[in-house]
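> Have a look at the structure that comes next, please.
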Amino acid sequence: MNSKQTSDLLKTAERRAYVLQLRKGGATYDAIAQAAIDKFGAEHLPAGYDCRYVWKDVRRELDRLRAEIAESSEAIVTLEEQRLDAMITVLWPQVAKGNQGAVDRVLRIMERRAKLLGLDAPTKADVTSGGQPLTFRVVYDRDERSAFEDDADTDAAQ
């Protein structure tokens, strides 16, 4: 990669971080486009930079952050797995000799690994009240119900 490409990538990254910051602050896409033009200059932005470009910049920056977080999460899980493996390795000779304390510790490590990796089947929960199934009743506010019915009538007429 040459220095021009590197420079362009850095400018794009800076612009995307800037527009995302403004969007997080609640600015509209149009307002962000104008702020980016004011900050970077129209000649340093893609031709026709407007709210559509801002939307794309925000999307791409969010996608990049999502990927970065997923990558970090995978690395943490891998590190935790390695730690658990190291603990079992140290304890295993004691387990082989029948040491009940070591067996209990290894079982706890195995439980932790299962939770970490989501290996256990989900636990079913019985949601009851005094042994009886819960029942729900929806009560509408009279004004809200009238407005809802008016909307439904309008939708049906169209």
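By order of appearance in the structure tokens: chains A, B, ..., then residues from 1 within every chain, and ligands from 1 in the order shown.
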Taking the DSSP secondary structure from the backbone, can you list the residues of chain A that are strand (DSSP E or B), as a ChimeraX atom specification?
/A:128-129,132-133
> Could you produce a table of the residues of segment 9-85 of chain A lying within 12 Å of segment 108-126 of chain A, with the nearest pair of atoms per residue and their separation in Å rounded to one decimal, using only C-alpha atoms, ordered by chain and increasing residue number, as a Markdown table?

```
| residue | atom | partner | partner_atom | distance |
| --- | --- | --- | --- | --- |
| A:Ser73 | CA | A:Leu116 | CA | 11.4 |
| A:Glu74 | CA | A:Leu117 | CA | 10.7 |
| A:Ile76 | CA | A:Leu116 | CA | 10.4 |
| A:Val77 | CA | A:Leu116 | CA | 7.4 |
| A:Thr78 | CA | A:Leu117 | CA | 10.1 |
| A:Leu79 | CA | A:Leu116 | CA | 11.4 |
| A:Glu80 | CA | A:Leu116 | CA | 8.4 |
| A:Glu81 | CA | A:Arg113 | CA | 7.1 |
| A:Gln82 | CA | A:Arg113 | CA | 10.4 |
| A:Arg83 | CA | A:Ile109 | CA | 9.9 |
| A:Leu84 | CA | A:Ile109 | CA | 6.4 |
| A:Asp85 | CA | A:Ile109 | CA | 8.8 |
```
> Once you have the residues from the selection above, write them out as an mmCIF file, in the first residue's frame, restricted to N, CA and C atoms.

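again09.cif, freshly written:
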```cif
data_model
loop_
_atom_site.group_PDB
_atom_site.id
_atom_site.type_symbol
_atom_site.label_atom_id
_atom_site.label_comp_id
_atom_site.auth_asym_id
_atom_site.auth_seq_id
_atom_site.Cartn_x
_atom_site.Cartn_y
_atom_site.Cartn_z
ATOM 1 N N SER A 73 -14.313 -10.517 21.637
ATOM 2 C CA SER A 73 -15.048 -11.520 22.412
ATOM 3 C C SER A 73 -14.496 -12.914 22.148
ATOM 4 N N GLU A 74 -14.217 -13.208 20.884
ATOM 5 C CA GLU A 74 -13.650 -14.518 20.540
ATOM 6 C C GLU A 74 -12.286 -14.703 21.188
ATOM 7 N N ILE A 76 -11.228 -13.331 23.959
ATOM 8 C CA ILE A 76 -11.422 -13.516 25.399
ATOM 9 C C ILE A 76 -11.867 -14.936 25.698
ATOM 10 N N VAL A 77 -12.790 -15.463 24.902
ATOM 11 C CA VAL A 77 -13.246 -16.842 25.095
ATOM 12 C C VAL A 77 -12.082 -17.813 24.927
ATOM 13 N N THR A 78 -11.255 -17.594 23.915
ATOM 14 C CA THR A 78 -10.091 -18.453 23.681
ATOM 15 C C THR A 78 -9.137 -18.395 24.864
ATOM 16 N N LEU A 79 -8.884 -17.198 25.374
ATOM 17 C CA LEU A 79 -8.005 -17.039 26.540
ATOM 18 C C LEU A 79 -8.575 -17.768 27.753
ATOM 19 N N GLU A 80 -9.864 -17.625 27.982
ATOM 20 C CA GLU A 80 -10.507 -18.305 29.108
ATOM 21 C C GLU A 80 -10.415 -19.824 28.953
ATOM 22 N N GLU A 81 -10.618 -20.317 27.734
ATOM 23 C CA GLU A 81 -10.489 -21.760 27.492
ATOM 24 C C GLU A 81 -9.075 -22.235 27.820
ATOM 25 N N GLN A 82 -8.070 -21.466 27.433
ATOM 26 C CA GLN A 82 -6.686 -21.832 27.716
ATOM 27 C C GLN A 82 -6.409 -21.847 29.218
ATOM 28 N N ARG A 83 -6.982 -20.901 29.942
ATOM 29 C CA ARG A 83 -6.820 -20.870 31.398
ATOM 30 C C ARG A 83 -7.457 -22.114 32.038
ATOM 31 N N LEU A 84 -8.655 -22.442 31.584
ATOM 32 C CA LEU A 84 -9.338 -23.620 32.123
ATOM 33 C C LEU A 84 -8.549 -24.892 31.804
ATOM 34 N N ASP A 85 -8.028 -24.979 30.591
ATOM 35 C CA ASP A 85 -7.190 -26.131 30.215
ATOM 36 C C ASP A 85 -5.979 -26.239 31.129
#
```
> Please list as an MDAnalysis selection string every residue within 10 Å of Ala35 of chain A, counting only C-alpha atoms and excluding residues in the same chain fewer than 6 positions away.
chainID A and resid 18:19 22 27 29 41
> So the first atom is atom CA of Asp30 of chain A and the second is atom CA of Leu10 of chain A; what is the distance between them in Å, to one decimal place?
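Calculated distance between atom CA of Asp30 of chain A and atom CA of Leu10 of chain A is 23.3 Å.
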> Quick one: pick out all alpha helix (DSSP H) residues within segment 4-138 of chain A from a backbone DSSP run and write them as a count of residues only.
97
> Figure out the distance between atom CA of Asn2 of chain A and atom CA of Glu43 of chain A, please, to one decimal in Å.
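Here the two named atoms are 21.2 Å from each other.
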